[in-house]
Each structure stands twice: as structure tokens, then as C-alpha cells.
>>> print(open('coords-v2.cif').read())   # mmCIF, N, CA and C atoms
data_input
loop_
_atom_site.label_atom_id
_atom_site.label_comp_id
_atom_site.auth_asym_id
_atom_site.auth_seq_id
_atom_site.Cartn_x
_atom_site.Cartn_y
_atom_site.Cartn_z
N MET A 1 23.69 -19.72 18.08
CA MET A 1 23.55 -19.93 16.66
C MET A 1 24.94 -20.08 16.08
N THR A 2 25.07 -21.01 15.18
CA THR A 2 26.34 -21.19 14.48
C THR A 2 26.18 -20.70 13.06
N TRP A 3 27.14 -19.97 12.60
CA TRP A 3 27.11 -19.43 11.24
C TRP A 3 28.23 -20.09 10.47
N ASN A 4 27.92 -20.58 9.29
CA ASN A 4 28.89 -21.32 8.50
C ASN A 4 29.03 -20.66 7.13
N ARG A 5 30.24 -20.25 6.78
CA ARG A 5 30.48 -19.62 5.48
C ARG A 5 30.76 -20.65 4.39
N SER A 6 30.98 -21.88 4.76
CA SER A 6 31.32 -22.91 3.79
C SER A 6 30.15 -23.17 2.85
N ARG A 7 30.45 -23.30 1.54
CA ARG A 7 29.42 -23.56 0.55
C ARG A 7 29.04 -25.03 0.51
N CYS A 8 29.93 -25.90 0.84
CA CYS A 8 29.62 -27.32 0.82
C CYS A 8 30.56 -28.05 1.76
N GLY A 9 30.21 -29.26 2.07
CA GLY A 9 31.06 -30.08 2.91
C GLY A 9 30.99 -29.68 4.36
N PRO A 10 31.80 -30.31 5.17
CA PRO A 10 31.78 -30.02 6.60
C PRO A 10 32.22 -28.60 6.90
N SER A 11 31.75 -28.10 8.00
CA SER A 11 32.07 -26.74 8.41
C SER A 11 33.56 -26.58 8.66
N ARG A 12 34.12 -25.58 8.02
CA ARG A 12 35.53 -25.28 8.24
C ARG A 12 35.70 -24.11 9.20
N ARG A 13 34.79 -23.15 9.08
CA ARG A 13 34.85 -21.98 9.95
C ARG A 13 33.45 -21.67 10.44
N THR A 14 33.29 -21.67 11.72
CA THR A 14 32.02 -21.26 12.31
C THR A 14 32.33 -20.33 13.46
N ARG A 15 31.33 -19.55 13.80
CA ARG A 15 31.49 -18.68 14.96
C ARG A 15 30.13 -18.49 15.60
N GLU A 16 30.17 -18.29 16.88
CA GLU A 16 28.95 -18.02 17.61
C GLU A 16 28.60 -16.54 17.43
N LEU A 17 27.34 -16.26 17.24
CA LEU A 17 26.90 -14.88 17.09
C LEU A 17 26.16 -14.43 18.34
N ASP A 18 26.49 -13.24 18.81
CA ASP A 18 25.72 -12.69 19.91
C ASP A 18 24.40 -12.17 19.35
N ASP A 19 23.49 -11.74 20.20
CA ASP A 19 22.16 -11.32 19.77
C ASP A 19 22.21 -10.19 18.74
N ALA A 20 23.07 -9.22 18.93
CA ALA A 20 23.16 -8.09 17.99
C ALA A 20 23.66 -8.54 16.62
N ALA A 21 24.67 -9.40 16.61
CA ALA A 21 25.20 -9.89 15.34
C ALA A 21 24.17 -10.77 14.62
N LEU A 22 23.47 -11.60 15.38
CA LEU A 22 22.42 -12.43 14.77
C LEU A 22 21.33 -11.56 14.18
N ALA A 23 20.92 -10.52 14.90
CA ALA A 23 19.89 -9.61 14.39
C ALA A 23 20.34 -8.96 13.08
N ALA A 24 21.60 -8.58 13.00
CA ALA A 24 22.12 -7.96 11.78
C ALA A 24 22.11 -8.95 10.62
N VAL A 25 22.50 -10.20 10.88
CA VAL A 25 22.49 -11.23 9.83
C VAL A 25 21.06 -11.46 9.35
N LEU A 26 20.12 -11.57 10.28
CA LEU A 26 18.72 -11.80 9.90
C LEU A 26 18.16 -10.63 9.12
N THR A 27 18.50 -9.42 9.49
CA THR A 27 18.03 -8.24 8.74
C THR A 27 18.58 -8.28 7.32
N ARG A 28 19.86 -8.54 7.17
CA ARG A 28 20.45 -8.62 5.82
C ARG A 28 19.81 -9.75 5.01
N THR A 29 19.56 -10.88 5.65
CA THR A 29 18.97 -12.01 4.96
C THR A 29 17.56 -11.68 4.49
N ARG A 30 16.78 -11.06 5.34
CA ARG A 30 15.41 -10.70 4.95
C ARG A 30 15.40 -9.64 3.86
N ALA A 31 16.27 -8.64 3.97
CA ALA A 31 16.37 -7.62 2.93
C ALA A 31 16.82 -8.26 1.61
N GLY A 32 17.73 -9.21 1.69
CA GLY A 32 18.16 -9.93 0.50
C GLY A 32 17.03 -10.74 -0.12
N PHE A 33 16.20 -11.33 0.72
CA PHE A 33 15.05 -12.08 0.23
C PHE A 33 14.12 -11.17 -0.56
N HIS A 34 13.85 -9.97 -0.04
CA HIS A 34 12.99 -9.02 -0.75
C HIS A 34 13.57 -8.72 -2.14
N ARG A 35 14.88 -8.50 -2.19
CA ARG A 35 15.53 -8.16 -3.45
C ARG A 35 15.59 -9.36 -4.41
N ALA A 36 15.70 -10.55 -3.85
CA ALA A 36 15.68 -11.75 -4.70
C ALA A 36 14.30 -11.92 -5.34
N VAL A 37 13.25 -11.68 -4.58
CA VAL A 37 11.89 -11.77 -5.12
C VAL A 37 11.70 -10.72 -6.22
N ALA A 38 12.15 -9.50 -5.98
CA ALA A 38 12.04 -8.45 -7.00
C ALA A 38 12.85 -8.84 -8.24
N GLY A 39 14.00 -9.46 -8.05
CA GLY A 39 14.81 -9.91 -9.17
C GLY A 39 14.11 -10.98 -10.00
N LEU A 40 13.42 -11.89 -9.34
CA LEU A 40 12.64 -12.90 -10.05
C LEU A 40 11.55 -12.25 -10.89
N ALA A 41 10.89 -11.26 -10.31
CA ALA A 41 9.84 -10.54 -11.05
C ALA A 41 10.45 -9.76 -12.22
N GLU A 42 11.57 -9.14 -11.99
CA GLU A 42 12.25 -8.37 -13.05
C GLU A 42 12.61 -9.26 -14.23
N ALA A 43 12.91 -10.53 -13.95
CA ALA A 43 13.25 -11.48 -15.01
C ALA A 43 12.01 -12.03 -15.72
N GLY A 44 10.83 -11.54 -15.34
CA GLY A 44 9.61 -11.93 -16.02
C GLY A 44 8.82 -13.04 -15.38
N ASN A 45 9.17 -13.40 -14.17
CA ASN A 45 8.47 -14.47 -13.46
C ASN A 45 7.29 -13.95 -12.66
N ASP A 46 6.23 -14.74 -12.61
CA ASP A 46 5.16 -14.51 -11.65
C ASP A 46 5.64 -15.17 -10.35
N VAL A 47 5.51 -14.46 -9.25
CA VAL A 47 6.09 -14.93 -7.98
C VAL A 47 5.02 -14.93 -6.90
N VAL A 48 5.01 -15.99 -6.10
CA VAL A 48 4.20 -16.03 -4.89
C VAL A 48 5.20 -16.00 -3.74
N MET A 49 5.07 -14.99 -2.90
CA MET A 49 6.01 -14.78 -1.80
C MET A 49 5.27 -14.97 -0.49
N ASP A 50 5.74 -15.86 0.34
CA ASP A 50 5.18 -16.09 1.66
C ASP A 50 6.11 -15.41 2.66
N HIS A 51 5.60 -14.40 3.34
CA HIS A 51 6.48 -13.61 4.21
C HIS A 51 5.68 -13.10 5.40
N VAL A 52 6.27 -13.23 6.57
CA VAL A 52 5.64 -12.73 7.79
C VAL A 52 6.20 -11.34 8.06
N LEU A 53 5.33 -10.35 8.07
CA LEU A 53 5.75 -8.96 8.27
C LEU A 53 5.74 -8.63 9.76
N SER A 54 6.57 -9.35 10.51
CA SER A 54 6.57 -9.22 11.96
C SER A 54 7.44 -8.08 12.48
N GLU A 55 8.08 -7.35 11.59
CA GLU A 55 8.82 -6.16 11.96
C GLU A 55 8.40 -5.07 10.98
N PRO A 56 8.07 -3.87 11.45
CA PRO A 56 7.57 -2.82 10.55
C PRO A 56 8.48 -2.52 9.36
N TRP A 57 9.79 -2.59 9.54
CA TRP A 57 10.71 -2.26 8.44
C TRP A 57 10.53 -3.20 7.25
N ARG A 58 10.09 -4.44 7.50
CA ARG A 58 9.95 -5.40 6.41
C ARG A 58 8.92 -4.93 5.38
N LEU A 59 7.78 -4.45 5.85
CA LEU A 59 6.77 -3.94 4.92
C LEU A 59 7.32 -2.72 4.18
N LEU A 60 7.94 -1.80 4.90
CA LEU A 60 8.47 -0.59 4.26
C LEU A 60 9.51 -0.95 3.20
N ASP A 61 10.36 -1.92 3.50
CA ASP A 61 11.38 -2.33 2.53
C ASP A 61 10.72 -2.98 1.31
N CYS A 62 9.74 -3.83 1.52
CA CYS A 62 9.03 -4.45 0.39
C CYS A 62 8.34 -3.39 -0.47
N LEU A 63 7.73 -2.41 0.17
CA LEU A 63 7.06 -1.34 -0.59
C LEU A 63 8.06 -0.61 -1.48
N ALA A 64 9.24 -0.35 -0.95
CA ALA A 64 10.26 0.37 -1.72
C ALA A 64 10.86 -0.52 -2.81
N VAL A 65 11.26 -1.71 -2.46
CA VAL A 65 11.96 -2.60 -3.39
C VAL A 65 11.04 -3.07 -4.52
N MET A 66 9.77 -3.21 -4.23
CA MET A 66 8.84 -3.76 -5.22
C MET A 66 8.03 -2.68 -5.94
N ALA A 67 8.47 -1.45 -5.83
CA ALA A 67 7.84 -0.37 -6.59
C ALA A 67 8.00 -0.69 -8.08
N GLY A 68 6.94 -0.48 -8.83
CA GLY A 68 6.99 -0.75 -10.26
C GLY A 68 6.46 -2.12 -10.64
N TYR A 69 6.20 -2.97 -9.66
CA TYR A 69 5.63 -4.29 -9.91
C TYR A 69 4.20 -4.32 -9.40
N ARG A 70 3.36 -5.09 -10.05
CA ARG A 70 1.99 -5.26 -9.55
C ARG A 70 2.04 -6.32 -8.46
N VAL A 71 1.87 -5.87 -7.24
CA VAL A 71 1.89 -6.76 -6.08
C VAL A 71 0.47 -6.89 -5.57
N VAL A 72 0.00 -8.11 -5.49
CA VAL A 72 -1.30 -8.40 -4.89
C VAL A 72 -1.02 -8.87 -3.47
N PHE A 73 -1.55 -8.12 -2.52
CA PHE A 73 -1.26 -8.35 -1.11
C PHE A 73 -2.36 -9.23 -0.53
N VAL A 74 -1.97 -10.42 -0.09
CA VAL A 74 -2.93 -11.39 0.43
C VAL A 74 -2.72 -11.54 1.93
N GLY A 75 -3.76 -11.32 2.69
CA GLY A 75 -3.71 -11.53 4.13
C GLY A 75 -4.17 -12.94 4.44
N VAL A 76 -3.38 -13.65 5.23
CA VAL A 76 -3.72 -15.02 5.60
C VAL A 76 -3.90 -15.07 7.10
N ARG A 77 -5.05 -15.55 7.51
CA ARG A 77 -5.37 -15.64 8.94
C ARG A 77 -5.95 -17.00 9.24
N CYS A 78 -6.02 -17.31 10.52
CA CYS A 78 -6.79 -18.46 10.97
C CYS A 78 -7.15 -18.23 12.43
N ALA A 79 -8.11 -19.01 12.89
CA ALA A 79 -8.59 -18.86 14.27
C ALA A 79 -7.45 -19.13 15.26
N PRO A 80 -7.44 -18.42 16.39
CA PRO A 80 -6.36 -18.59 17.37
C PRO A 80 -6.14 -20.04 17.80
N ALA A 81 -7.20 -20.79 18.04
CA ALA A 81 -7.02 -22.18 18.47
C ALA A 81 -6.34 -23.00 17.38
N GLU A 82 -6.71 -22.76 16.14
CA GLU A 82 -6.10 -23.49 15.03
C GLU A 82 -4.65 -23.05 14.84
N LEU A 83 -4.38 -21.78 15.03
CA LEU A 83 -3.01 -21.27 14.93
C LEU A 83 -2.13 -21.96 15.98
N ALA A 84 -2.63 -22.07 17.20
CA ALA A 84 -1.88 -22.74 18.27
C ALA A 84 -1.69 -24.22 17.97
N ARG A 85 -2.71 -24.87 17.43
CA ARG A 85 -2.59 -26.29 17.08
C ARG A 85 -1.52 -26.50 16.02
N ARG A 86 -1.53 -25.67 14.99
CA ARG A 86 -0.53 -25.80 13.92
C ARG A 86 0.88 -25.56 14.44
N GLU A 87 1.01 -24.59 15.33
CA GLU A 87 2.31 -24.29 15.91
C GLU A 87 2.84 -25.51 16.69
N ARG A 88 1.96 -26.10 17.51
CA ARG A 88 2.36 -27.29 18.28
C ARG A 88 2.73 -28.44 17.35
N GLU A 89 1.92 -28.64 16.30
CA GLU A 89 2.14 -29.75 15.38
C GLU A 89 3.47 -29.62 14.63
N ARG A 90 3.82 -28.40 14.27
CA ARG A 90 5.09 -28.19 13.56
C ARG A 90 6.27 -28.53 14.46
N GLY A 91 6.16 -28.16 15.72
CA GLY A 91 7.20 -28.51 16.67
C GLY A 91 8.49 -27.70 16.58
N ASP A 92 8.54 -26.75 15.66
CA ASP A 92 9.77 -25.96 15.51
C ASP A 92 9.53 -24.48 15.77
N ARG A 93 8.48 -24.18 16.49
CA ARG A 93 8.12 -22.79 16.80
C ARG A 93 8.00 -22.62 18.31
N THR A 94 8.27 -21.42 18.76
CA THR A 94 8.04 -21.10 20.15
C THR A 94 6.54 -21.00 20.36
N PRO A 95 5.98 -21.79 21.27
CA PRO A 95 4.52 -21.75 21.49
C PRO A 95 4.03 -20.34 21.79
N GLY A 96 2.98 -19.93 21.08
CA GLY A 96 2.39 -18.62 21.28
C GLY A 96 2.96 -17.51 20.41
N MET A 97 4.04 -17.78 19.69
CA MET A 97 4.69 -16.74 18.89
C MET A 97 3.76 -16.22 17.80
N ALA A 98 3.10 -17.11 17.09
CA ALA A 98 2.22 -16.68 15.99
C ALA A 98 1.12 -15.76 16.51
N MET A 99 0.51 -16.13 17.61
CA MET A 99 -0.57 -15.29 18.15
C MET A 99 -0.01 -13.97 18.67
N ALA A 100 1.18 -13.99 19.24
CA ALA A 100 1.80 -12.77 19.75
C ALA A 100 2.12 -11.81 18.62
N GLN A 101 2.41 -12.33 17.43
CA GLN A 101 2.76 -11.49 16.29
C GLN A 101 1.53 -11.04 15.49
N GLU A 102 0.38 -11.61 15.75
CA GLU A 102 -0.83 -11.36 14.95
C GLU A 102 -1.12 -9.87 14.74
N ALA A 103 -1.14 -9.09 15.80
CA ALA A 103 -1.49 -7.67 15.67
C ALA A 103 -0.46 -6.92 14.83
N LEU A 104 0.81 -7.19 15.05
CA LEU A 104 1.87 -6.50 14.30
C LEU A 104 1.85 -6.89 12.82
N VAL A 105 1.69 -8.18 12.55
CA VAL A 105 1.70 -8.68 11.18
C VAL A 105 0.60 -8.04 10.34
N HIS A 106 -0.55 -7.80 10.94
CA HIS A 106 -1.69 -7.24 10.21
C HIS A 106 -1.93 -5.76 10.53
N ALA A 107 -0.97 -5.09 11.15
CA ALA A 107 -1.14 -3.70 11.61
C ALA A 107 -1.45 -2.72 10.49
N HIS A 108 -0.95 -2.95 9.30
CA HIS A 108 -1.16 -2.03 8.17
C HIS A 108 -2.61 -2.01 7.73
N GLY A 109 -3.34 -3.08 7.98
CA GLY A 109 -4.79 -3.12 7.79
C GLY A 109 -5.33 -3.15 6.37
N GLN A 110 -4.50 -3.32 5.38
CA GLN A 110 -4.99 -3.31 4.00
C GLN A 110 -4.51 -4.54 3.24
N TYR A 111 -5.45 -5.20 2.60
CA TYR A 111 -5.13 -6.32 1.72
C TYR A 111 -6.00 -6.22 0.48
N ASP A 112 -5.57 -6.88 -0.57
CA ASP A 112 -6.40 -7.03 -1.76
C ASP A 112 -7.33 -8.22 -1.60
N VAL A 113 -6.83 -9.25 -0.96
CA VAL A 113 -7.57 -10.49 -0.74
C VAL A 113 -7.24 -10.98 0.66
N GLU A 114 -8.24 -11.50 1.36
CA GLU A 114 -7.99 -12.13 2.65
C GLU A 114 -8.48 -13.56 2.60
N CYS A 115 -7.70 -14.44 3.21
CA CYS A 115 -8.05 -15.85 3.26
C CYS A 115 -7.99 -16.31 4.71
N ASP A 116 -9.02 -16.98 5.15
CA ASP A 116 -9.05 -17.58 6.48
C ASP A 116 -8.82 -19.07 6.29
N THR A 117 -7.65 -19.52 6.68
CA THR A 117 -7.29 -20.92 6.45
C THR A 117 -7.77 -21.86 7.55
N THR A 118 -8.57 -21.33 8.47
CA THR A 118 -9.14 -22.21 9.50
C THR A 118 -9.92 -23.32 8.83
N GLU A 119 -10.75 -22.97 7.87
CA GLU A 119 -11.58 -23.94 7.16
C GLU A 119 -11.27 -24.00 5.66
N ALA A 120 -10.81 -22.89 5.09
CA ALA A 120 -10.57 -22.85 3.64
C ALA A 120 -9.38 -23.72 3.27
N SER A 121 -9.52 -24.42 2.16
CA SER A 121 -8.43 -25.26 1.65
C SER A 121 -7.42 -24.39 0.92
N PRO A 122 -6.21 -24.90 0.71
CA PRO A 122 -5.26 -24.17 -0.14
C PRO A 122 -5.86 -23.87 -1.51
N TYR A 123 -6.58 -24.82 -2.08
CA TYR A 123 -7.20 -24.61 -3.38
C TYR A 123 -8.21 -23.46 -3.32
N GLY A 124 -9.04 -23.46 -2.29
CA GLY A 124 -10.03 -22.39 -2.14
C GLY A 124 -9.38 -21.02 -2.01
N CYS A 125 -8.28 -20.96 -1.29
CA CYS A 125 -7.55 -19.69 -1.15
C CYS A 125 -6.96 -19.28 -2.50
N ALA A 126 -6.40 -20.24 -3.22
CA ALA A 126 -5.82 -19.94 -4.53
C ALA A 126 -6.88 -19.41 -5.49
N VAL A 127 -8.07 -19.95 -5.43
CA VAL A 127 -9.17 -19.48 -6.29
C VAL A 127 -9.52 -18.03 -5.95
N ARG A 128 -9.54 -17.70 -4.68
CA ARG A 128 -9.81 -16.30 -4.28
C ARG A 128 -8.77 -15.36 -4.86
N VAL A 129 -7.51 -15.75 -4.79
CA VAL A 129 -6.44 -14.91 -5.34
C VAL A 129 -6.58 -14.83 -6.86
N ARG A 130 -6.79 -15.96 -7.50
CA ARG A 130 -6.97 -15.98 -8.96
C ARG A 130 -8.12 -15.06 -9.38
N ASP A 131 -9.22 -15.13 -8.67
CA ASP A 131 -10.37 -14.30 -9.02
C ASP A 131 -10.05 -12.82 -8.87
N PHE A 132 -9.28 -12.46 -7.85
CA PHE A 132 -8.87 -11.06 -7.71
C PHE A 132 -7.98 -10.66 -8.88
N LEU A 133 -7.02 -11.51 -9.23
CA LEU A 133 -6.11 -11.19 -10.33
C LEU A 133 -6.88 -10.93 -11.62
N ARG A 134 -7.93 -11.67 -11.83
CA ARG A 134 -8.72 -11.50 -13.06
C ARG A 134 -9.47 -10.17 -13.10
N THR A 135 -9.69 -9.54 -11.96
CA THR A 135 -10.39 -8.25 -11.96
C THR A 135 -9.51 -7.14 -12.50
N GLY A 136 -8.19 -7.29 -12.36
CA GLY A 136 -7.27 -6.25 -12.79
C GLY A 136 -7.39 -4.98 -11.96
N GLN A 137 -7.97 -5.08 -10.80
CA GLN A 137 -8.22 -3.92 -9.94
C GLN A 137 -6.93 -3.16 -9.62
N GLU A 138 -7.00 -1.87 -9.83
CA GLU A 138 -5.89 -0.96 -9.51
C GLU A 138 -6.47 0.25 -8.80
N PRO A 139 -5.80 0.91 -7.94
CA PRO A 139 -4.51 0.51 -7.39
C PRO A 139 -4.68 -0.65 -6.41
N THR A 140 -3.62 -1.38 -6.20
CA THR A 140 -3.64 -2.48 -5.25
C THR A 140 -3.37 -1.95 -3.84
N ALA A 141 -3.56 -2.81 -2.87
CA ALA A 141 -3.28 -2.43 -1.48
C ALA A 141 -1.82 -1.99 -1.34
N PHE A 142 -0.91 -2.65 -2.04
CA PHE A 142 0.51 -2.27 -1.97
C PHE A 142 0.70 -0.86 -2.51
N ASP A 143 0.01 -0.52 -3.60
CA ASP A 143 0.10 0.84 -4.14
C ASP A 143 -0.41 1.85 -3.12
N ARG A 144 -1.54 1.56 -2.51
CA ARG A 144 -2.12 2.47 -1.52
C ARG A 144 -1.19 2.62 -0.31
N LEU A 145 -0.67 1.51 0.17
CA LEU A 145 0.25 1.57 1.31
C LEU A 145 1.52 2.34 0.97
N ARG A 146 2.03 2.13 -0.24
CA ARG A 146 3.25 2.85 -0.66
C ARG A 146 2.99 4.35 -0.62
N SER A 147 1.85 4.78 -1.15
CA SER A 147 1.56 6.23 -1.17
C SER A 147 1.35 6.78 0.24
N GLN A 148 0.88 5.96 1.16
CA GLN A 148 0.64 6.42 2.52
C GLN A 148 1.90 6.40 3.39
N LEU A 149 2.75 5.40 3.17
CA LEU A 149 3.87 5.16 4.10
C LEU A 149 5.24 5.60 3.61
N LEU A 150 5.39 5.75 2.30
CA LEU A 150 6.73 6.13 1.80
C LEU A 150 6.74 7.56 1.30
#
>>> encode(input="coords-v2.cif", output="C-alpha cells")
Amino acid sequence: MTWNRSRCGPSRRTRELDDAALAAVLTRTRAGFHRAVAGLAEAGNDVVMDHVLSEPWRLLDCLAVMAGYRVVFVGVRCAPAELARRERERGDRTPGMAMAQEALVHAHGQYDVECDTTEASPYGCAVRVRDFLRTGQEPTAFDRLRSQLL
């Protein structure tokens, strides 16, 4: 992996990162993403965040950073064959990675809304989320998980 500090133009300084350094950069980047999303919400924005919780610390960090915000937790799934097809079609994923992460990603077991995108359209999934939002149901899955895990 090459890391470039330059803001624009051709790379002036790059360095190769070993596995430990790359892991540290990715952890900081993901933690920064969580804080950026919270910052958008703090500024009064409604935010839709697409995030794969493939490491347990990511959920714990989101629970802590997003305390005080109404977070609606949406689980997105699809059939294994369709997951594999999408992975192949994208061409930028390690084959089998999505299925290998499935159990970890959904390990917490609680959502406010679940969508199966095997057959459901993006519009159909959005309607499910909208309908949940209209219920005003509290506490949300994020609230329950926060009280259980933090």
C-alpha cells in the first residue's frame, strides 16, 4: 500500500506501510469516519451511514461517539449466492470476504429494521426505514446495545 500525504498533484512523498502500520491507519480512518458522521449530525443534518461492522471495536466506538443522537440501526442482508454474485461483479473484493464476515457483522443481533436486498429494491428498503422512522419507537436498537455493551 502506498500512502500519500500530498493534498493535490503528483505524489511528492510516499512510503510503503507494513501490515501493522496499515492497520493503525485504517483504525484511525474508521474512527475518524465515525466522528465525521457524528459531526454532521451535530450540525443538524440527517445522515445515512453505510458501514460494515466487521471488527467488534467499530460498533463499540459508534455506540460511544453517537450517544445523544437518535440512531436507527438497519441490518442489510442478502442471500449467500447473491452476495457472491455481487462480489464477483464488483471485481474489487476478495472472493468470499462478504460471506466470511457475515456472522461477525451481524453478531450483535439487534436492529430496528432489517432489509433483505436479495429481492427488495432500494426504494422498498427506503420505505421500510421511513416507516420505522414514522413510528418514533424508542428506545432504538442502538440505545439497547449501548446500555448492554458500554
>>> axis_aligned_box(input="coords-v2.cif", around="range 110-118 of chain A", padding_each_side="4 Å", output="lines of an AutoDock Vina configuration file")
center_x = -7.2
center_y = -13.3
center_z = 3.9
size_x = 13.4
size_y = 28.0
size_z = 19.3
>>> closest_residue(input="coords-v2.cif", among="A:Glu89, A:Asp143, A:Glu42, A:Glu114", to="Val76 in chain A", atoms="only N, CA and C atoms")
A:Glu114
>>> closest_residue(input="coords-v2.cif", among="A:Gly39, A:Gly44, A:Gly32, A:Gly68", to="Pro139 in chain A", atoms="only C-alpha atoms")
A:Gly68
>>> atom_distance(input="coords-v2.cif", atom1="CA of Val113 in chain A", atom2="CA of Val74 in chain A")
4.9 Å
>>> select_by_dssp(input="coords-v2.cif", residues="chain A", states="helix (DSSP H, G or I)", output="PyMOL selection string")
chain A and resi 19-42+56-65+80-90+97-105+122-135+141-149
>>> residues_near_point(input="coords-v2.cif", point="(3.1, 2.3, 3.0)", cutoff="9 Å", atoms="only C-alpha atoms", output="VMD selection string")
chain A and resid 59 to 60 63 to 64 108 142 to 150
>>> resolve_selection(input="coords-v2.cif", expression="the PyMOL selection byres ((chain A and resi 110) around 7)", output="VMD selection string")
chain A and resid 73 75 106 to 109 111 to 113 141 to 142
>>> residues_around(input="coords-v2.cif", residues="Pro95 in chain A", least_positions_apart="3", cutoff="12 Å", atoms="only C-alpha atoms", output="PyMOL selection string")
chain A and resi 81+83-92+98-101
>>> residues_around(input="coords-v2.cif", residues="range 118-130 of chain A", least_positions_apart="4", cutoff="8 Å", atoms="only C-alpha atoms", output="PyMOL selection string")
chain A and resi 74+77-79+82+113+134
>>> write_last_selection(input="coords-v2.cif", atoms="N, CA and C atoms", output="CSV table (one decimal), keeping the file's coordinate frame")
chain,number,residue,atom,x,y,z
A,74,VAL,N,-2.0,-10.4,-0.1
A,74,VAL,CA,-2.9,-11.4,0.4
A,74,VAL,C,-2.7,-11.5,1.9
A,77,ARG,N,-5.0,-15.6,7.5
A,77,ARG,CA,-5.4,-15.6,8.9
A,77,ARG,C,-6.0,-17.0,9.2
A,78,CYS,N,-6.0,-17.3,10.5
A,78,CYS,CA,-6.8,-18.5,11.0
A,78,CYS,C,-7.2,-18.2,12.4
A,79,ALA,N,-8.1,-19.0,12.9
A,79,ALA,CA,-8.6,-18.9,14.3
A,79,ALA,C,-7.4,-19.1,15.3
A,82,GLU,N,-6.7,-22.8,16.1
A,82,GLU,CA,-6.1,-23.5,15.0
A,82,GLU,C,-4.6,-23.0,14.8
A,113,VAL,N,-6.8,-9.2,-1.0
A,113,VAL,CA,-7.6,-10.5,-0.7
A,113,VAL,C,-7.2,-11.0,0.7
A,134,ARG,N,-7.9,-11.7,-11.8
A,134,ARG,CA,-8.7,-11.5,-13.1
A,134,ARG,C,-9.5,-10.2,-13.1
>>> residues_near_point(input="coords-v2.cif", point="(14.6, -2.0, -1.4)", cutoff="7 Å", atoms="only C-alpha atoms", output="list in words")
Arg35, Asp61, Cys62, Ala64 and Val65 of chain A
>>> atom_distance(input="coords-v2.cif", atom1="atom C of Leu17 in chain A", atom2="CA of Thr29 in chain A")
15.4 Å
>>> select_by_dssp(input="coords-v2.cif", residues="chain A", states="strand (DSSP E)", output="ChimeraX atom specification")
/A:2-4,14-16,74-77,113-116
>>> atom_distance(input="coords-v2.cif", atom1="CA of Ala36 in chain A", atom2="atom N of Asp50 in chain A")
11.9 Å
>>> closest_residue(input="coords-v2.cif", among="A:Asp131, A:Ala23, A:Thr140, A:Arg28", to="Arg70 in chain A", atoms="only N, CA and C atoms")
A:Thr140
